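Source file work.cif; content: mmCIF, C-alpha atoms.
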data_structure
#
loop_
_atom_site.group_PDB
_atom_site.id
_atom_site.type_symbol
_atom_site.label_atom_id
_atom_site.label_comp_id
_atom_site.auth_asym_id
_atom_site.auth_seq_id
_atom_site.Cartn_x
_atom_site.Cartn_y
_atom_site.Cartn_z
ATOM 1 C CA MET A 1 118.254 124.968 58.091
ATOM 2 C CA ILE A 2 119.014 121.903 60.216
ATOM 3 C CA THR A 3 121.885 119.842 58.813
ATOM 4 C CA VAL A 4 122.733 116.337 60.019
ATOM 5 C CA GLU A 5 125.914 114.743 58.688
ATOM 6 C CA ASN A 6 127.136 111.188 59.284
ATOM 7 C CA LEU A 7 125.253 110.943 62.582
ATOM 8 C CA THR A 8 126.229 107.708 64.328
ATOM 9 C CA LYS A 9 125.533 106.195 67.730
ATOM 10 C CA VAL A 10 127.216 102.995 68.870
ATOM 11 C CA TYR A 11 126.292 101.027 71.993
ATOM 12 C CA GLY A 12 128.944 98.359 72.431
ATOM 13 C CA ALA A 13 128.800 96.230 69.294
ATOM 14 C CA GLN A 14 125.465 97.715 68.209
ATOM 15 C CA ARG A 15 125.155 100.637 65.790
ATOM 16 C CA ALA A 16 121.804 102.140 66.764
ATOM 17 C CA VAL A 17 122.257 104.913 64.182
ATOM 18 C CA ASP A 18 124.650 104.376 61.290
ATOM 19 C CA GLY A 19 126.003 107.298 59.251
ATOM 20 C CA LEU A 20 122.720 109.217 58.929
ATOM 21 C CA SER A 21 122.778 112.437 56.866
ATOM 22 C CA PHE A 22 119.954 114.787 55.844
ATOM 23 C CA SER A 23 118.875 118.429 55.995
ATOM 24 C CA VAL A 24 115.536 120.172 56.510
ATOM 25 C CA ARG A 25 114.619 123.689 55.387
ATOM 26 C CA PRO A 26 112.546 126.241 57.338
ATOM 27 C CA GLY A 27 108.837 125.713 56.780
ATOM 28 C CA GLU A 28 109.335 122.019 55.943
ATOM 29 C CA ILE A 29 107.803 119.138 57.926
ATOM 30 C CA LEU A 30 109.876 115.950 57.912
ATOM 31 C CA GLY A 31 108.267 112.706 59.036
ATOM 32 C CA PHE A 32 110.411 109.853 60.393
ATOM 33 C CA LEU A 33 109.125 106.363 59.651
ATOM 34 C CA GLY A 34 110.643 103.068 60.687
ATOM 35 C CA PRO A 35 109.918 99.811 62.476
ATOM 36 C CA ASN A 36 110.569 99.435 66.197
ATOM 37 C CA GLY A 37 114.296 99.580 66.806
ATOM 38 C CA ALA A 38 115.025 101.524 63.604
ATOM 39 C CA GLY A 39 116.864 104.312 65.468
ATOM 40 C CA LYS A 40 114.204 107.033 65.394
ATOM 41 C CA SER A 41 114.276 107.875 69.110
ATOM 42 C CA THR A 42 118.065 107.824 69.296
ATOM 43 C CA THR A 43 118.308 110.119 66.258
ATOM 44 C CA MET A 44 115.834 112.633 67.670
ATOM 45 C CA LYS A 45 117.510 112.647 71.081
ATOM 46 C CA MET A 46 120.910 113.258 69.474
ATOM 47 C CA ILE A 47 119.549 116.167 67.423
ATOM 48 C CA ALA A 48 117.925 117.615 70.554
ATOM 49 C CA GLY A 49 121.211 117.330 72.446
ATOM 50 C CA PHE A 50 120.107 114.762 75.024
ATOM 51 C CA VAL A 51 122.321 111.965 73.688
ATOM 52 C CA ARG A 52 125.916 112.499 72.596
ATOM 53 C CA PRO A 53 126.680 111.122 69.115
ATOM 54 C CA THR A 54 129.535 108.671 68.672
ATOM 55 C CA GLU A 55 130.299 110.359 65.352
ATOM 56 C CA GLY A 56 128.813 113.047 63.128
ATOM 57 C CA THR A 57 127.562 116.586 63.433
ATOM 58 C CA VAL A 58 124.281 118.433 63.920
ATOM 59 C CA ALA A 59 124.026 122.113 63.006
ATOM 60 C CA LEU A 60 121.119 124.536 63.112
ATOM 61 C CA GLY A 61 122.110 127.570 61.110
ATOM 62 C CA ASP A 62 125.447 128.784 62.474
ATOM 63 C CA TYR A 63 125.254 126.713 65.667
ATOM 64 C CA ALA A 64 126.709 123.204 65.819
ATOM 65 C CA LEU A 65 126.023 120.674 68.550
ATOM 66 C CA ASP A 66 129.708 120.005 69.238
ATOM 67 C CA SER A 67 130.815 123.669 69.431
ATOM 68 C CA HIS A 68 127.680 125.556 70.591
ATOM 69 C CA PRO A 69 125.471 122.982 72.372
ATOM 70 C CA LEU A 70 123.603 125.458 74.591
ATOM 71 C CA GLU A 71 122.894 127.872 71.754
ATOM 72 C CA LEU A 72 121.593 124.995 69.676
ATOM 73 C CA ARG A 73 119.335 123.724 72.471
ATOM 74 C CA ARG A 74 117.894 127.199 73.017
ATOM 75 C CA ARG A 75 116.642 127.103 69.429
ATOM 76 C CA ILE A 76 114.985 123.686 69.695
ATOM 77 C CA GLY A 77 111.567 122.726 71.026
ATOM 78 C CA TYR A 78 111.277 119.058 71.982
ATOM 79 C CA LEU A 79 108.323 116.852 72.871
ATOM 80 C CA PRO A 80 109.382 113.278 73.725
ATOM 81 C CA GLU A 81 107.072 110.321 73.218
ATOM 82 C CA HIS A 82 106.327 109.964 76.935
ATOM 83 C CA ASN A 83 105.389 113.559 77.654
ATOM 84 C CA PRO A 84 107.030 114.547 80.995
ATOM 85 C CA LEU A 85 104.786 116.988 82.853
ATOM 86 C CA TYR A 86 104.386 118.171 86.448
ATOM 87 C CA LEU A 87 100.955 116.668 87.045
ATOM 88 C CA ASP A 88 100.320 118.585 90.285
ATOM 89 C CA MET A 89 100.778 121.948 88.562
ATOM 90 C CA TYR A 90 97.966 123.856 86.894
ATOM 91 C CA VAL A 91 98.214 124.407 83.140
ATOM 92 C CA HIS A 92 98.624 128.175 83.375
ATOM 93 C CA GLU A 93 101.096 127.776 86.259
ATOM 94 C CA TYR A 94 103.170 125.223 84.340
ATOM 95 C CA LEU A 95 103.411 127.423 81.257
ATOM 96 C CA ASP A 96 104.418 130.416 83.343
ATOM 97 C CA PHE A 97 107.083 128.183 84.913
ATOM 98 C CA THR A 98 108.234 127.244 81.390
ATOM 99 C CA GLY A 99 108.590 130.921 80.565
ATOM 100 C CA ARG A 100 110.712 131.466 83.671
ATOM 101 C CA ILE A 101 113.069 128.693 82.573
ATOM 102 C CA TYR A 102 113.466 130.361 79.179
ATOM 103 C CA GLY A 103 114.192 133.713 80.839
ATOM 104 C CA PHE A 104 111.044 135.566 79.805
ATOM 105 C CA SER A 105 110.140 138.675 81.799
ATOM 106 C CA ALA A 106 106.861 138.738 83.750
ATOM 107 C CA ALA A 107 105.152 140.793 81.050
ATOM 108 C CA ASP A 108 106.448 138.576 78.242
ATOM 109 C CA ARG A 109 105.415 135.439 80.145
ATOM 110 C CA LYS A 110 101.884 136.747 80.524
ATOM 111 C CA ARG A 111 101.685 137.552 76.814
ATOM 112 C CA ARG A 112 103.316 134.353 75.557
ATOM 113 C CA THR A 113 101.368 132.078 77.907
ATOM 114 C CA ALA A 114 98.115 133.553 76.620
ATOM 115 C CA GLU A 115 99.321 133.080 73.014
ATOM 116 C CA VAL A 116 100.214 129.394 73.294
ATOM 117 C CA ILE A 117 97.047 128.643 75.270
ATOM 118 C CA GLU A 118 94.979 130.164 72.467
ATOM 119 C CA GLN A 119 97.098 128.471 69.785
ATOM 120 C CA THR A 120 96.544 125.020 71.275
ATOM 121 C CA GLY A 121 92.919 125.449 72.350
ATOM 122 C CA LEU A 122 93.598 125.153 76.084
ATOM 123 C CA GLY A 123 91.557 128.165 77.163
ATOM 124 C CA ARG A 124 88.912 126.162 79.064
ATOM 125 C CA GLU A 125 91.551 123.895 80.628
ATOM 126 C CA GLN A 126 94.174 126.446 81.687
ATOM 127 C CA HIS A 127 93.063 126.574 85.324
ATOM 128 C CA LYS A 128 92.921 122.789 85.754
ATOM 129 C CA GLN A 129 95.614 120.586 87.205
ATOM 130 C CA ILE A 130 97.558 118.812 84.458
ATOM 131 C CA GLY A 131 96.941 115.476 86.164
ATOM 132 C CA MET A 132 93.196 115.960 85.671
ATOM 133 C CA LEU A 133 93.477 116.388 81.906
ATOM 134 C CA SER A 134 92.883 113.757 79.234
ATOM 135 C CA LYS A 135 95.906 112.488 77.322
ATOM 136 C CA GLY A 136 94.952 114.633 74.342
ATOM 137 C CA TYR A 137 95.000 117.803 76.413
ATOM 138 C CA ARG A 138 98.251 116.760 78.079
ATOM 139 C CA GLN A 139 99.773 116.485 74.606
ATOM 140 C CA ARG A 140 98.607 120.039 73.950
ATOM 141 C CA VAL A 141 100.323 121.185 77.136
ATOM 142 C CA GLY A 142 103.492 119.436 75.971
ATOM 143 C CA LEU A 143 103.244 121.209 72.627
ATOM 144 C CA CYS A 144 102.820 124.503 74.469
ATOM 145 C CA GLN A 145 106.118 124.065 76.315
ATOM 146 C CA ALA A 146 107.853 122.954 73.100
ATOM 147 C CA LEU A 147 106.557 125.982 71.192
ATOM 148 C CA TYR A 148 106.815 128.502 74.025
ATOM 149 C CA HIS A 149 110.165 130.079 73.084
ATOM 150 C CA HIS A 150 109.492 130.315 69.312
ATOM 151 C CA PRO A 151 111.935 127.516 68.414
ATOM 152 C CA GLU A 152 113.598 127.364 65.023
ATOM 153 C CA LEU A 153 113.336 123.554 65.150
ATOM 154 C CA LEU A 154 110.457 121.554 66.646
ATOM 155 C CA ILE A 155 111.091 117.844 67.377
ATOM 156 C CA LEU A 156 108.069 115.664 68.166
ATOM 157 C CA ASP A 157 108.515 111.975 69.007
ATOM 158 C CA GLU A 158 105.258 110.050 68.413
ATOM 159 C CA PRO A 159 103.102 113.129 69.174
ATOM 160 C CA THR A 160 99.754 111.365 68.636
ATOM 161 C CA SER A 161 100.566 108.062 70.341
ATOM 162 C CA GLY A 162 97.558 106.783 72.306
ATOM 163 C CA LEU A 163 95.161 109.518 71.220
ATOM 164 C CA ASP A 164 91.634 108.963 69.961
ATOM 165 C CA PRO A 165 90.745 109.887 66.330
ATOM 166 C CA ASN A 166 89.350 113.325 67.222
ATOM 167 C CA GLN A 167 92.415 114.173 69.302
ATOM 168 C CA ILE A 168 94.694 112.990 66.487
ATOM 169 C CA VAL A 169 92.997 115.347 64.028
ATOM 170 C CA ASP A 170 93.476 118.261 66.438
ATOM 171 C CA ILE A 171 97.161 117.529 67.058
ATOM 172 C CA ARG A 172 97.777 117.111 63.324
ATOM 173 C CA ALA A 173 96.316 120.557 62.722
ATOM 174 C CA LEU A 174 98.545 122.051 65.425
ATOM 175 C CA ILE A 175 101.641 120.454 63.887
ATOM 176 C CA ARG A 176 100.769 121.699 60.401
ATOM 177 C CA GLU A 177 100.202 125.194 61.781
ATOM 178 C CA ALA A 178 103.545 125.096 63.614
ATOM 179 C CA GLY A 179 105.221 123.925 60.411
ATOM 180 C CA ARG A 180 104.291 127.181 58.685
ATOM 181 C CA HIS A 181 106.760 129.068 60.861
ATOM 182 C CA THR A 182 109.465 126.591 61.874
ATOM 183 C CA ILE A 183 111.256 123.390 60.915
ATOM 184 C CA VAL A 184 109.368 120.337 62.185
ATOM 185 C CA ILE A 185 110.729 116.808 62.578
ATOM 186 C CA PHE A 186 108.304 114.232 63.930
ATOM 187 C CA SER A 187 108.150 110.453 64.146
ATOM 188 C CA SER A 188 105.178 108.132 63.883
ATOM 189 C CA HIS A 189 104.266 104.488 63.382
ATOM 190 C CA ILE A 190 101.048 105.538 61.638
ATOM 191 C CA LEU A 191 101.611 105.762 57.881
ATOM 192 C CA SER A 192 98.413 107.699 57.173
ATOM 193 C CA GLU A 193 99.484 110.271 59.745
ATOM 194 C CA VAL A 194 102.817 110.842 58.030
ATOM 195 C CA GLU A 195 101.056 111.174 54.668
ATOM 196 C CA ALA A 196 98.619 113.689 56.172
ATOM 197 C CA ILE A 197 101.217 115.891 57.874
ATOM 198 C CA ALA A 198 104.670 115.551 56.339
ATOM 199 C CA ASP A 199 106.013 117.368 53.306
ATOM 200 C CA ARG A 200 108.748 114.751 53.180
ATOM 201 C CA VAL A 201 109.255 111.231 54.533
ATOM 202 C CA LEU A 202 112.526 109.714 55.761
ATOM 203 C CA ILE A 203 112.430 105.960 56.388
ATOM 204 C CA LEU A 204 114.943 104.417 58.771
ATOM 205 C CA ASN A 205 115.745 100.747 59.172
ATOM 206 C CA ARG A 206 118.447 99.321 61.439
ATOM 207 C CA GLY A 207 119.844 102.829 61.943
ATOM 208 C CA ARG A 208 120.238 103.618 58.253
ATOM 209 C CA LYS A 209 118.353 105.873 55.865
ATOM 210 C CA ILE A 210 116.712 103.707 53.218
ATOM 211 C CA ALA A 211 114.350 106.242 51.612
ATOM 212 C CA ASP A 212 113.965 110.024 51.666
ATOM 213 C CA GLY A 213 111.516 112.108 49.662
ATOM 214 C CA PRO A 214 107.871 113.178 49.288
ATOM 215 C CA ALA A 215 105.410 110.494 50.340
ATOM 216 C CA SER A 216 104.193 110.206 46.745
ATOM 217 C CA MET A 217 107.711 109.257 45.593
ATOM 218 C CA ILE A 218 108.447 106.586 48.223
ATOM 219 C CA PRO A 219 106.674 103.745 46.329
ATOM 220 C CA SER A 220 108.967 104.191 43.305
ATOM 221 C CA MET A 221 111.966 103.845 45.639
ATOM 222 C CA ALA A 222 110.624 100.522 46.903
ATOM 223 C CA ARG A 223 109.901 98.998 43.504
ATOM 224 C CA ASN A 224 110.898 100.833 40.349
ATOM 225 C CA GLU A 225 107.907 99.622 38.372
ATOM 226 C CA SER A 226 104.125 99.647 38.265
ATOM 227 C CA ARG A 227 101.763 96.960 36.976
ATOM 228 C CA ILE A 228 98.779 97.093 34.657
ATOM 229 C CA GLU A 229 96.101 94.421 34.686
ATOM 230 C CA LEU A 230 94.737 93.977 31.152
ATOM 231 C CA GLU A 231 91.773 91.902 30.026
ATOM 232 C CA VAL A 232 90.646 91.852 26.398
ATOM 233 C CA GLU A 233 87.584 90.386 24.698
ATOM 234 C CA ARG A 234 89.251 87.872 22.351
ATOM 235 C CA PRO A 235 92.346 85.644 22.543
ATOM 236 C CA GLY A 236 95.224 86.140 20.146
ATOM 237 C CA LEU A 237 96.489 89.536 21.337
ATOM 238 C CA ASP A 238 99.804 90.439 19.670
ATOM 239 C CA LEU A 239 102.092 90.547 22.705
ATOM 240 C CA GLY A 240 105.079 91.482 20.558
ATOM 241 C CA SER A 241 103.507 94.817 19.607
ATOM 242 C CA LEU A 242 102.617 95.556 23.213
ATOM 243 C CA GLN A 243 106.150 94.704 24.324
ATOM 244 C CA GLN A 244 107.470 97.449 22.010
ATOM 245 C CA LEU A 245 105.356 100.183 23.630
ATOM 246 C CA PRO A 246 107.343 102.927 25.478
ATOM 247 C CA GLY A 247 107.927 102.113 29.140
ATOM 248 C CA VAL A 248 106.786 98.473 28.950
ATOM 249 C CA LEU A 249 109.246 96.198 30.766
ATOM 250 C CA GLY A 250 107.511 92.857 30.326
ATOM 251 C CA ILE A 251 104.213 91.061 29.860
ATOM 252 C CA GLU A 252 102.930 87.998 31.694
ATOM 253 C CA GLN A 253 99.999 86.097 30.185
ATOM 254 C CA LEU A 254 97.627 84.932 32.910
ATOM 255 C CA SER A 255 94.970 83.425 30.636
ATOM 256 C CA PRO A 256 94.114 83.584 26.918
ATOM 257 C CA THR A 257 92.577 87.012 27.465
ATOM 258 C CA GLN A 258 94.213 88.290 30.679
ATOM 259 C CA PHE A 259 97.676 89.826 31.014
ATOM 260 C CA LEU A 260 99.912 91.543 33.551
ATOM 261 C CA VAL A 261 101.942 94.352 31.986
ATOM 262 C CA ARG A 262 104.986 95.642 33.901
ATOM 263 C CA THR A 263 106.058 99.243 33.236
ATOM 264 C CA GLY A 264 108.416 101.780 34.769
ATOM 265 C CA ALA A 265 107.167 103.373 37.972
ATOM 266 C CA GLU A 266 106.895 106.776 36.308
ATOM 267 C CA THR A 267 105.222 105.413 33.149
ATOM 268 C CA ASP A 268 101.476 105.180 32.613
ATOM 269 C CA ALA A 269 101.142 103.042 29.486
ATOM 270 C CA ARG A 270 97.370 102.657 29.586
ATOM 271 C CA ARG A 271 96.686 105.097 26.739
ATOM 272 C CA ALA A 272 99.224 103.362 24.491
ATOM 273 C CA ILE A 273 97.788 99.921 25.386
ATOM 274 C CA PHE A 274 94.260 101.172 24.680
ATOM 275 C CA THR A 275 95.327 102.503 21.276
ATOM 276 C CA ALA A 276 97.092 99.241 20.374
ATOM 277 C CA CYS A 277 94.092 97.109 21.339
ATOM 278 C CA ALA A 278 91.701 99.400 19.458
ATOM 279 C CA ALA A 279 93.883 99.143 16.363
ATOM 280 C CA ALA A 280 93.668 95.333 16.644
ATOM 281 C CA ASP A 281 89.874 95.592 17.025
ATOM 282 C CA ASN A 282 90.073 93.747 20.362
ATOM 283 C CA ALA A 283 87.860 95.386 22.967
ATOM 284 C CA ILE A 284 89.319 96.056 26.414
ATOM 285 C CA LEU A 285 87.281 94.663 29.298
ATOM 286 C CA ALA A 286 89.656 95.755 32.108
ATOM 287 C CA LEU A 287 92.637 98.090 32.288
ATOM 288 C CA ASN A 288 93.787 98.770 35.848
ATOM 289 C CA ARG A 289 97.097 100.295 36.936
ATOM 290 C CA HIS A 290 98.458 99.364 40.346
ATOM 291 C CA VAL A 291 101.142 101.439 42.091
ATOM 292 C CA LEU A 292 102.465 100.551 45.534
ATOM 293 C CA SER A 293 100.822 102.386 48.408
ATOM 294 C CA LEU A 294 103.025 103.976 51.067
ATOM 295 C CA GLU A 295 102.182 101.054 53.378
ATOM 296 C CA GLU A 296 103.206 98.500 50.748
ATOM 297 C CA ALA A 297 106.386 100.435 49.981
ATOM 298 C CA PHE A 298 107.226 100.642 53.679
ATOM 299 C CA ARG A 299 106.881 96.877 54.011
ATOM 300 C CA VAL A 300 109.109 96.293 50.976
ATOM 301 C CA LEU A 301 111.782 98.731 52.148
ATOM 302 C CA THR A 302 111.889 97.401 55.704
ATOM 303 C CA ALA A 303 111.367 93.728 54.877
ATOM 304 C CA GLN A 304 114.765 92.672 56.211
ATOM 305 C CA PRO A 305 114.175 91.954 59.913
ATOM 306 C CA SER A 306 116.051 94.059 62.414
ATOM 307 C CA ASP A 307 118.486 92.017 64.488
ATOM 308 C CA ALA A 308 119.008 94.739 67.083
ATOM 309 C CA GLU A 309 116.598 97.185 68.641
ATOM 310 C CA ASP A 310 117.230 100.845 69.291
ATOM 311 C CA PRO A 311 118.215 101.038 72.992
ATOM 312 C CA LEU A 312 116.231 104.236 73.465
ATOM 313 C CA ASP A 313 113.183 102.651 71.839
ATOM 314 C CA GLN A 314 113.611 99.817 74.341
ATOM 315 C CA GLN A 315 113.789 102.338 77.200
ATOM 316 C CA ASP A 316 110.623 104.070 75.952
ATOM 317 C CA ASP A 317 108.798 100.747 75.580
ATOM 318 C CA GLN A 318 109.776 99.759 79.130
ATOM 319 C CA ALA A 319 108.680 103.155 80.447
ATOM 320 C CA GLY A 320 105.322 102.644 78.784
ATOM 321 C CA ARG A 321 104.925 99.254 80.470
ATOM 322 C CA ASP A 322 105.971 100.668 83.817
#
Rewrite the structure from the file as structure tokens, please.
Amino acid sequence: MITVENLTKVYGAQRAVDGLSFSVRPGEILGFLGPNGAGKSTTMKMIAGFVRPTEGTVALGDYALDSHPLELRRRIGYLPEHNPLYLDMYVHEYLDFTGRIYGFSAADRKRRTAEVIEQTGLGREQHKQIGMLSKGYRQRVGLCQALYHHPELLILDEPTSGLDPNQIVDIRALIREAGRHTIVIFSSHILSEVEAIADRVLILNRGRKIADGPASMIPSMARNESRIELEVERPGLDLGSLQQLPGVLGIEQLSPTQFLVRTGAETDARRAIFTACAAADNAILALNRHVLSLEEAFRVLTAQPSDAEDPLDQQDDQAGRD
């Protein structure tokens, strides 16, 4: 298990990450969401050991970042947003070089290189120079180096950034497959991608955790209610009886026959409303329940504008422009 406690990074007067705590179990995929400058890149770089925290601890099993930094790093695979590769090297050559860095023997390098090439679908590209590959295949090479040493924790910063739809589908499948055997933490600006891959979503804003849970539960954290649009055939509906139904928080009359019924986020009052209207012999013409989507919930949770950007996000944005 990876455990993060009170992780904080301060740059001058700016708190890029502010008291962040969470844990992730083996076999779980955690997706980071947040607007630009939320602290995602800084958090991932601190967990990976590339940025020293101002406060807080990171521990992977028995190894903590402050007391066993090298042992922790040996157990982490990391793919940054701007995938650094030796473009003049051939794919097979680069992966063999990766194995040398990790201390694999010649026989183990040959075996493991063949395994990750097959795992990532690079068989036809393995004898090409990396600089000749498309961005999608370069991302696969980056995943190969991150997965090469069988890491206990895999950190992926914007792994599908700039890829076309077909490439995104392929990388998603690779991440889900990797998540069967290891802990995965990845970040993305694409909400549908997080929904498709992550078992759990953690939303950051201005360096703080503002939501953490399965994607299906995030909307209830943004607004602890759902809304039902009701239209009946005849005016004169007894609103008092509807107000007494379990879970109903309030009723707004939009017209003589149209109403907006507010209920708790976990309550579906449609059956009770249907029964009440049937008992009053007033036919229902419309009965629609609306729950916030993940996109709507994200906008609600991060509505307060950020007054300071994550310095490492700024560095990444500048690198992309350069």
>> Excluding A:Val17 and its own-chain neighbours fewer than 4 positions away, which residues fall within 7 Å of it when counting all atoms listed in the file? Please give them as JSON, numbers by chain.
In response: {"A": [7, 8, 9, 39, 43, 207, 208]}
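Note that the spacing between atom CA of A:Val184 and atom CA of A:Leu156 amounts to 7.7 Å.
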>> The residues within 12 Å of (108.9, 100.9, 24.6), using all atoms listed in the file and the coordinates of the file, should be reported as a PyMOL selection string; which are they?
In response: chain A and resi 240-250+262-264+267-269+272-273
>> On this structure, the PyMOL selection byres ((chain A and resi 278-291) around 9) would catch which residues? List them as a count of residues only, sorted by chain and number.
In response: 27
> Taking the file as shown, what set of residues would the PyMOL selection byres ((chain A and resi 52) around 12) give back, as number ranges by chain?
Replying inline: A: 7-11, 17, 42-51, 53-58, 65-66, 69
Using C-alpha atoms, can you write the selected residues to a file as a JSON list (two decimals), in the coordinates of the input?
[["chain", "number", "residue", "atom", "x", "y", "z"],
["A", 7, "LEU", "CA", 125.25, 110.94, 62.58],
["A", 8, "THR", "CA", 126.23, 107.71, 64.33],
["A", 9, "LYS", "CA", 125.53, 106.20, 67.73],
["A", 10, "VAL", "CA", 127.22, 103.00, 68.87],
["A", 11, "TYR", "CA", 126.29, 101.03, 71.99],
["A", 17, "VAL", "CA", 122.26, 104.91, 64.18],
["A", 42, "THR", "CA", 118.06, 107.82, 69.30],
["A", 43, "THR", "CA", 118.31, 110.12, 66.26],
["A", 44, "MET", "CA", 115.83, 112.63, 67.67],
["A", 45, "LYS", "CA", 117.51, 112.65, 71.08],
["A", 46, "MET", "CA", 120.91, 113.26, 69.47],
["A", 47, "ILE", "CA", 119.55, 116.17, 67.42],
["A", 48, "ALA", "CA", 117.92, 117.62, 70.55],
["A", 49, "GLY", "CA", 121.21, 117.33, 72.45],
["A", 50, "PHE", "CA", 120.11, 114.76, 75.02],
["A", 51, "VAL", "CA", 122.32, 111.96, 73.69],
["A", 53, "PRO", "CA", 126.68, 111.12, 69.11],
["A", 54, "THR", "CA", 129.54, 108.67, 68.67],
["A", 55, "GLU", "CA", 130.30, 110.36, 65.35],
["A", 56, "GLY", "CA", 128.81, 113.05, 63.13],
["A", 57, "THR", "CA", 127.56, 116.59, 63.43],
["A", 58, "VAL", "CA", 124.28, 118.43, 63.92],
["A", 65, "LEU", "CA", 126.02, 120.67, 68.55],
["A", 66, "ASP", "CA", 129.71, 120.00, 69.24],
["A", 69, "PRO", "CA", 125.47, 122.98, 72.37]]
>> Since I can't run it myself right now, could you work out what the PyMOL selection byres ((chain A and resi 143-147) around 6) selects here and report it as an MDAnalysis selection string?
In response: chainID A and resid 77:78 116 140:142 148:150
> Could you work out how far atom CA of A:Ile185 lies from atom CA of A:Asp108, giving the answer in Å with one decimal?
Replying inline: 27.2 Å
>> Quick check, in Å to one decimal: how far apart do atom CA of A:Ser187 and atom CA of A:Asp96 lie?
In response: 27.9 Å
> With distances taken over all atoms listed in the file, which of A:Arg100, A:His181, A:Arg112, A:Lys40 is nearest to A:Pro26?
Replying inline: A:His181
> Which is closer to A:Thr3 than all the others in A:His189, A:Glu93, A:Pro165, A:Ile183, using only C-alpha atoms?
Replying inline: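 Looking only at the distances to A:Thr3, the closest residue turns out to be A:Ile183.
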Generate all heavy atoms for stretch 245-250 of chain A and emit them as an mmCIF file, keeping the file's coordinate frame.
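Generated output (out-v7.cif):
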data_model
loop_
_atom_site.group_PDB
_atom_site.id
_atom_site.type_symbol
_atom_site.label_atom_id
_atom_site.label_comp_id
_atom_site.auth_asym_id
_atom_site.auth_seq_id
_atom_site.Cartn_x
_atom_site.Cartn_y
_atom_site.Cartn_z
ATOM 1 N N LEU A 245 105.878 98.880 23.212
ATOM 2 C CA LEU A 245 105.356 100.183 23.630
ATOM 3 C C LEU A 245 106.318 100.859 24.612
ATOM 4 O O LEU A 245 106.965 100.193 25.425
ATOM 5 C CB LEU A 245 103.987 100.003 24.295
ATOM 6 C CG LEU A 245 102.853 99.496 23.390
ATOM 7 C CD1 LEU A 245 101.579 99.301 24.207
ATOM 8 C CD2 LEU A 245 102.611 100.460 22.240
ATOM 9 N N PRO A 246 106.429 102.203 24.577
ATOM 10 C CA PRO A 246 107.343 102.927 25.478
ATOM 11 C C PRO A 246 107.035 102.644 26.942
ATOM 12 O O PRO A 246 105.876 102.702 27.362
ATOM 13 C CB PRO A 246 107.086 104.401 25.136
ATOM 14 C CG PRO A 246 106.528 104.375 23.748
ATOM 15 C CD PRO A 246 105.745 103.098 23.639
ATOM 16 N N GLY A 247 108.067 102.314 27.705
ATOM 17 C CA GLY A 247 107.927 102.113 29.140
ATOM 18 C C GLY A 247 107.553 100.707 29.547
ATOM 19 O O GLY A 247 107.610 100.377 30.745
ATOM 20 N N VAL A 248 107.173 99.841 28.611
ATOM 21 C CA VAL A 248 106.786 98.473 28.950
ATOM 22 C C VAL A 248 108.040 97.640 29.209
ATOM 23 O O VAL A 248 108.943 97.567 28.369
ATOM 24 C CB VAL A 248 105.928 97.835 27.841
ATOM 25 C CG1 VAL A 248 105.683 96.351 28.133
ATOM 26 C CG2 VAL A 248 104.597 98.570 27.721
ATOM 27 N N LEU A 249 108.085 97.007 30.380
ATOM 28 C CA LEU A 249 109.246 96.198 30.766
ATOM 29 C C LEU A 249 109.035 94.712 30.501
ATOM 30 O O LEU A 249 109.993 93.969 30.287
ATOM 31 C CB LEU A 249 109.549 96.407 32.256
ATOM 32 C CG LEU A 249 109.790 97.845 32.709
ATOM 33 C CD1 LEU A 249 109.988 97.898 34.215
ATOM 34 C CD2 LEU A 249 110.986 98.456 31.995
ATOM 35 N N GLY A 250 107.785 94.270 30.541
ATOM 36 C CA GLY A 250 107.511 92.857 30.326
ATOM 37 C C GLY A 250 106.033 92.587 30.413
ATOM 38 O O GLY A 250 105.266 93.391 30.957
#
